[in-house]
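Asks: Handing you this structure, nothing more for now.
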Amino acid sequence: MISPQAQTPTESQGLFSYLPIALFGSVMGLTGLSLTWRLAHSSFNAPLWISNGLEGIALISFIALVISYTLKAITNFTKVRSEFMHPIAGSMFGTPLISMLLIPILLANQNLLIARAIWVIGAIGMTILAWFTILRWINVRQQFENAVPAWIVPVIGMIDIPLAVPSLGWANELHGFMVFATAVGLFFAIPLFTIIMSRLMFAEPLPPALQPSLLILTAPFAVGFSAYTTTMGQIDGFAQILYMLMLFVLAIVIVRMRHLAYCCPFRVSWWAVSFPLAASANAALRYTTFAPHWATYTIAVLLLGLASLVIMLLLLRTVFGILRGELKTLST
């Protein structure tokens, strides 16, 4: 028998105990960028191999993270439970579920059965998490300082539910559920966005580690635009409003984050910028089909380039950190 004194740190803390659930944001970003390049292939005849390459990286990352975080849960469930109950980190448990709502779009043409199974688990899990999160906010008094952009993830993540439905061949059967998910996500985006903006205006600035999460503020409008148009099958006046709001909020946040690389050391939390950028580029490309104009094309190309550059830099820096054995440090 091994005495407590003789236990190694790995044995006492569990495998991958340092791995944050928020790292699933990398899967969201890579998947979103792959889908955006796939759309660019359809719209601008962009090289399809870029989308296919990103798809492979996203799938490998998803499988690796699922295995790693499962081992963490098995060997140190207390750590996982503590992370889930944390007023800020707990919100990021929406990231693996959103990943499960996006990955099926990549898998639908390869294995429809697996794609549908993953989406069903993700859709049920996302709905339960949104319900539980709102219930917790109502029942437990929240601290104003904890109202950060990450709060958007577990509830507004509902608007990711409709995105894969057409690819899965369920658009007619699940149209009502698509409307439900879009309605819940967009409705709660209003008070959450207001609360978070108030916190940014009247409370202490966000800690350096949370600065990248500011880009999450664009997600309700970028993903909301894609979810709404997917659900309704058209770009109407309300969809245009969401798109224009996305551009305005994105312009504000990008200016705010221009010095990020100099003031904040790299951490895996930086992956929070990846999916909002990819979703914004995707929305811009979708909008060009409705309003073909040199201005809309320019915006779409610029956002696609920005998202691709940022996500590739994040990927290279993360891989470099893993190869140097820095993952534990980068996860703090």
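Chain labels follow the order of the structure tokens: the first chain is A, the next B, and so on; residue numbering restarts at 1 in every chain, and ligands are counted from 1 in their shown order.
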Kindly provide the residues of stretch 73-109 of chain A that approach stretch 265-280 of chain A to within 12 Å, each paired with its closest atom pair and their distance in Å to one decimal, based on only C-alpha atoms, listed by chain and increasing number, as a Markdown table.
Replies:
```
| residue | atom | partner | partner_atom | distance |
| --- | --- | --- | --- | --- |
| A:Ala89 | CA | A:Ser269 | CA | 10.7 |
| A:Met92 | CA | A:Ala272 | CA | 9.9 |
| A:Thr95 | CA | A:Ala272 | CA | 9.8 |
| A:Ile98 | CA | A:Phe275 | CA | 10.5 |
| A:Ser99 | CA | A:Phe275 | CA | 10.3 |
| A:Leu102 | CA | A:Phe275 | CA | 11.0 |
```
Asks: Write the residues of the preceding selection, restricted to all heavy atoms, as a PDB file, in the first residue's frame.
Replies:
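Printed below is part.pdb as written:
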```pdb
ATOM      1  N   ALA A  89     -15.460  29.785 -14.214  1.00  0.00           N
ATOM      2  CA  ALA A  89     -14.977  28.619 -14.960  1.00  0.00           C
ATOM      3  C   ALA A  89     -16.104  27.652 -15.293  1.00  0.00           C
ATOM      4  O   ALA A  89     -16.074  26.986 -16.340  1.00  0.00           O
ATOM      5  CB  ALA A  89     -13.894  27.900 -14.152  1.00  0.00           C
ATOM      6  N   MET A  92     -17.740  27.647 -18.740  1.00  0.00           N
ATOM      7  CA  MET A  92     -17.033  27.089 -19.890  1.00  0.00           C
ATOM      8  C   MET A  92     -17.352  25.614 -20.129  1.00  0.00           C
ATOM      9  O   MET A  92     -16.847  25.017 -21.081  1.00  0.00           O
ATOM     10  CB  MET A  92     -15.534  27.290 -19.724  1.00  0.00           C
ATOM     11  CG  MET A  92     -15.119  28.746 -19.565  1.00  0.00           C
ATOM     12  SD  MET A  92     -15.801  29.842 -20.836  1.00  0.00           S
ATOM     13  CE  MET A  92     -14.873  29.341 -22.282  1.00  0.00           C
ATOM     14  N   THR A  95     -18.492  24.721 -23.565  1.00  0.00           N
ATOM     15  CA  THR A  95     -17.619  24.578 -24.738  1.00  0.00           C
ATOM     16  C   THR A  95     -17.571  23.156 -25.309  1.00  0.00           C
ATOM     17  O   THR A  95     -17.613  22.999 -26.531  1.00  0.00           O
ATOM     18  CB  THR A  95     -16.189  25.082 -24.437  1.00  0.00           C
ATOM     19  OG1 THR A  95     -15.658  24.375 -23.305  1.00  0.00           O
ATOM     20  CG2 THR A  95     -16.201  26.577 -24.132  1.00  0.00           C
ATOM     21  N   ILE A  98     -20.968  22.713 -27.105  1.00  0.00           N
ATOM     22  CA  ILE A  98     -21.024  23.444 -28.375  1.00  0.00           C
ATOM     23  C   ILE A  98     -20.166  22.740 -29.424  1.00  0.00           C
ATOM     24  O   ILE A  98     -20.542  22.664 -30.602  1.00  0.00           O
ATOM     25  CB  ILE A  98     -20.567  24.907 -28.181  1.00  0.00           C
ATOM     26  CG1 ILE A  98     -21.543  25.644 -27.260  1.00  0.00           C
ATOM     27  CG2 ILE A  98     -20.464  25.623 -29.518  1.00  0.00           C
ATOM     28  CD1 ILE A  98     -21.107  27.042 -26.892  1.00  0.00           C
ATOM     29  N   SER A  99     -19.022  22.198 -28.990  1.00  0.00           N
ATOM     30  CA  SER A  99     -18.187  21.428 -29.916  1.00  0.00           C
ATOM     31  C   SER A  99     -18.972  20.247 -30.489  1.00  0.00           C
ATOM     32  O   SER A  99     -18.855  19.932 -31.685  1.00  0.00           O
ATOM     33  CB  SER A  99     -16.929  20.918 -29.194  1.00  0.00           C
ATOM     34  OG  SER A  99     -16.138  21.989 -28.732  1.00  0.00           O
ATOM     35  N   LEU A 102     -21.191  21.372 -33.274  1.00  0.00           N
ATOM     36  CA  LEU A 102     -20.524  21.805 -34.498  1.00  0.00           C
ATOM     37  C   LEU A 102     -19.845  20.655 -35.237  1.00  0.00           C
ATOM     38  O   LEU A 102     -19.888  20.594 -36.476  1.00  0.00           O
ATOM     39  CB  LEU A 102     -19.480  22.879 -34.169  1.00  0.00           C
ATOM     40  CG  LEU A 102     -19.991  24.163 -33.510  1.00  0.00           C
ATOM     41  CD1 LEU A 102     -18.821  25.063 -33.125  1.00  0.00           C
ATOM     42  CD2 LEU A 102     -20.939  24.903 -34.440  1.00  0.00           C
TER      43      LEU A 102
END
```
Asks: So that I can see what lies close to A:Ile159, please list as number ranges by chain the residues with an atom at most 9 Å from it, counting only C-alpha atoms and leaving out residues fewer than 4 positions away in the same chain.
Replies: A: 155, 163, 178, 181-186, 220, 223-224, 226-228
Asks: Store the residues picked out above in a file with N, CA, C and O atoms, as an mmCIF file, in the first residue's frame.
Replies:
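Result saved to result_23.cif:
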```cif
data_model
loop_
_atom_site.group_PDB
_atom_site.id
_atom_site.type_symbol
_atom_site.label_atom_id
_atom_site.label_comp_id
_atom_site.auth_asym_id
_atom_site.auth_seq_id
_atom_site.Cartn_x
_atom_site.Cartn_y
_atom_site.Cartn_z
ATOM 1 N N VAL A 155 -25.606 29.642 -21.883
ATOM 2 C CA VAL A 155 -26.995 29.940 -22.237
ATOM 3 C C VAL A 155 -27.132 30.312 -23.706
ATOM 4 O O VAL A 155 -27.939 29.737 -24.438
ATOM 5 N N LEU A 163 -27.551 24.902 -36.075
ATOM 6 C CA LEU A 163 -26.589 25.009 -37.169
ATOM 7 C C LEU A 163 -26.381 23.705 -37.943
ATOM 8 O O LEU A 163 -26.233 23.719 -39.166
ATOM 9 N N MET A 178 -35.562 23.922 -33.388
ATOM 10 C CA MET A 178 -34.637 24.950 -33.867
ATOM 11 C C MET A 178 -35.133 26.340 -33.467
ATOM 12 O O MET A 178 -34.357 27.188 -33.017
ATOM 13 N N ALA A 181 -34.631 26.759 -29.623
ATOM 14 C CA ALA A 181 -33.238 27.009 -29.246
ATOM 15 C C ALA A 181 -32.801 28.411 -29.641
ATOM 16 O O ALA A 181 -32.138 29.115 -28.860
ATOM 17 N N THR A 182 -33.166 28.840 -30.846
ATOM 18 C CA THR A 182 -32.806 30.183 -31.304
ATOM 19 C C THR A 182 -33.468 31.248 -30.441
ATOM 20 O O THR A 182 -32.838 32.249 -30.073
ATOM 21 N N ALA A 183 -34.737 31.033 -30.105
ATOM 22 C CA ALA A 183 -35.477 32.000 -29.290
ATOM 23 C C ALA A 183 -34.866 32.142 -27.901
ATOM 24 O O ALA A 183 -34.660 33.262 -27.411
ATOM 25 N N VAL A 184 -34.557 31.019 -27.258
ATOM 26 C CA VAL A 184 -33.973 31.055 -25.913
ATOM 27 C C VAL A 184 -32.623 31.755 -25.942
ATOM 28 O O VAL A 184 -32.334 32.633 -25.112
ATOM 29 N N GLY A 185 -31.776 31.385 -26.889
ATOM 30 C CA GLY A 185 -30.446 31.978 -26.964
ATOM 31 C C GLY A 185 -30.477 33.471 -27.212
ATOM 32 O O GLY A 185 -29.784 34.243 -26.534
ATOM 33 N N LEU A 186 -31.293 33.904 -28.168
ATOM 34 C CA LEU A 186 -31.345 35.328 -28.499
ATOM 35 C C LEU A 186 -32.036 36.143 -27.400
ATOM 36 O O LEU A 186 -31.635 37.283 -27.128
ATOM 37 N N PRO A 220 -23.160 36.307 -29.642
ATOM 38 C CA PRO A 220 -24.623 36.308 -29.763
ATOM 39 C C PRO A 220 -25.116 36.848 -31.097
ATOM 40 O O PRO A 220 -26.160 36.414 -31.597
ATOM 41 N N VAL A 223 -23.168 34.253 -34.248
ATOM 42 C CA VAL A 223 -23.814 32.938 -34.286
ATOM 43 C C VAL A 223 -25.325 33.094 -34.375
ATOM 44 O O VAL A 223 -26.010 32.296 -35.018
ATOM 45 N N GLY A 224 -25.840 34.150 -33.715
ATOM 46 C CA GLY A 224 -27.277 34.402 -33.786
ATOM 47 C C GLY A 224 -27.736 34.620 -35.222
ATOM 48 O O GLY A 224 -28.798 34.129 -35.631
ATOM 49 N N SER A 226 -26.299 33.397 -37.976
ATOM 50 C CA SER A 226 -26.253 32.111 -38.682
ATOM 51 C C SER A 226 -27.377 31.189 -38.233
ATOM 52 O O SER A 226 -28.000 30.502 -39.059
ATOM 53 N N ALA A 227 -27.642 31.154 -36.921
ATOM 54 C CA ALA A 227 -28.700 30.291 -36.403
ATOM 55 C C ALA A 227 -30.075 30.745 -36.881
ATOM 56 O O ALA A 227 -30.923 29.930 -37.272
ATOM 57 N N TYR A 228 -30.293 32.057 -36.851
ATOM 58 C CA TYR A 228 -31.592 32.594 -37.262
ATOM 59 C C TYR A 228 -31.845 32.341 -38.747
ATOM 60 O O TYR A 228 -32.937 31.897 -39.138
#
```
Asks: Would you mind telling me which residue in A:Pro96, A:Pro104, A:Gly237, A:Gly122 lies nearest to A:Gly169 when using only C-alpha atoms?
Replies: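 Among A:Pro96, A:Pro104, A:Gly237, A:Gly122, it is A:Pro104 that comes nearest to A:Gly169.
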Asks: So that I can check the surroundings of A:Gly321, please list as a JSON list (two decimals) with all heavy atoms, in the first residue's frame every protein, DNA and RNA residue that reaches within 8 Å of it, counting only C-alpha atoms and ignoring chain neighbours fewer than 5 positions away.
Replies:
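Okay, out21.json is ready:
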```json
[["chain", "number", "residue", "atom", "x", "y", "z"],
["A", 326, "GLU", "N", 4.96, 22.67, -21.64],
["A", 326, "GLU", "CA", 4.47, 23.85, -20.94],
["A", 326, "GLU", "C", 2.97, 23.86, -20.76],
["A", 326, "GLU", "O", 2.41, 24.84, -20.27],
["A", 326, "GLU", "CB", 4.85, 25.12, -21.73],
["A", 326, "GLU", "CG", 6.34, 25.36, -21.87],
["A", 326, "GLU", "CD", 6.64, 26.56, -22.74],
["A", 326, "GLU", "OE1", 5.74, 27.00, -23.49],
["A", 326, "GLU", "OE2", 7.77, 27.08, -22.66],
["A", 327, "LEU", "N", 2.27, 22.78, -21.14],
["A", 327, "LEU", "CA", 0.81, 22.79, -21.13],
["A", 327, "LEU", "C", 0.25, 23.10, -19.74],
["A", 327, "LEU", "O", -0.72, 23.85, -19.60],
["A", 327, "LEU", "CB", 0.24, 21.47, -21.65],
["A", 327, "LEU", "CG", -1.28, 21.40, -21.76],
["A", 327, "LEU", "CD1", -1.79, 22.50, -22.67],
["A", 327, "LEU", "CD2", -1.72, 20.04, -22.26],
["A", 330, "LEU", "N", 0.66, 26.80, -19.16],
["A", 330, "LEU", "CA", -0.22, 27.57, -20.03],
["A", 330, "LEU", "C", -1.68, 27.42, -19.63],
["A", 330, "LEU", "O", -2.52, 28.22, -20.07],
["A", 330, "LEU", "CB", -0.04, 27.14, -21.48],
["A", 330, "LEU", "CG", 1.33, 27.36, -22.10],
["A", 330, "LEU", "CD1", 1.37, 26.84, -23.52],
["A", 330, "LEU", "CD2", 1.71, 28.83, -22.06]]
```
Asks: Residues of stretch 227-265 of chain A classed as helix (DSSP H, G or I) by DSSP on the backbone are to be reported as a PyMOL selection string.
Replies: chain A and resi 227-232+237-256+260-263
Asks: Selection from above, C-alpha atoms, as a PDB file, in the first residue's frame, can you write it?
Replies:
```pdb
ATOM      1  CA  ALA A 227     -28.700  30.291 -36.403  1.00  0.00           C
ATOM      2  CA  TYR A 228     -31.592  32.594 -37.262  1.00  0.00           C
ATOM      3  CA  THR A 229     -31.028  32.381 -41.026  1.00  0.00           C
ATOM      4  CA  THR A 230     -30.595  28.603 -40.808  1.00  0.00           C
ATOM      5  CA  THR A 231     -33.842  28.289 -38.868  1.00  0.00           C
ATOM      6  CA  MET A 232     -35.887  30.709 -40.957  1.00  0.00           C
ATOM      7  CA  GLY A 237     -34.653  42.474 -41.642  1.00  0.00           C
ATOM      8  CA  PHE A 238     -33.987  40.975 -38.209  1.00  0.00           C
ATOM      9  CA  ALA A 239     -31.085  38.938 -39.564  1.00  0.00           C
ATOM     10  CA  GLN A 240     -29.608  42.100 -41.058  1.00  0.00           C
ATOM     11  CA  ILE A 241     -29.868  43.810 -37.663  1.00  0.00           C
ATOM     12  CA  LEU A 242     -27.930  40.953 -36.044  1.00  0.00           C
ATOM     13  CA  TYR A 243     -25.241  41.173 -38.720  1.00  0.00           C
ATOM     14  CA  MET A 244     -24.827  44.930 -38.350  1.00  0.00           C
ATOM     15  CA  LEU A 245     -24.650  44.642 -34.551  1.00  0.00           C
ATOM     16  CA  MET A 246     -21.963  41.986 -34.960  1.00  0.00           C
ATOM     17  CA  LEU A 247     -19.837  44.345 -37.038  1.00  0.00           C
ATOM     18  CA  PHE A 248     -20.252  47.192 -34.552  1.00  0.00           C
ATOM     19  CA  VAL A 249     -19.430  45.116 -31.453  1.00  0.00           C
ATOM     20  CA  LEU A 250     -16.521  43.435 -33.244  1.00  0.00           C
ATOM     21  CA  ALA A 251     -15.041  46.822 -34.174  1.00  0.00           C
ATOM     22  CA  ILE A 252     -15.188  47.921 -30.532  1.00  0.00           C
ATOM     23  CA  VAL A 253     -13.710  44.740 -29.092  1.00  0.00           C
ATOM     24  CA  ILE A 254     -10.872  44.460 -31.624  1.00  0.00           C
ATOM     25  CA  VAL A 255      -9.721  47.984 -30.788  1.00  0.00           C
ATOM     26  CA  ARG A 256      -9.885  47.130 -27.091  1.00  0.00           C
ATOM     27  CA  LEU A 260      -3.274  41.963 -25.882  1.00  0.00           C
ATOM     28  CA  ALA A 261      -0.118  40.269 -27.182  1.00  0.00           C
ATOM     29  CA  TYR A 262       2.067  42.765 -25.310  1.00  0.00           C
ATOM     30  CA  CYS A 263       0.260  43.089 -21.978  1.00  0.00           C
TER      31      CYS A 263
END
```
Asks: Write out as a count of residues only which residues come within 12 Å of stretch 39-56 of chain A when counting only C-alpha atoms, dropping same-chain ones fewer than 6 positions away.
Replies: 40
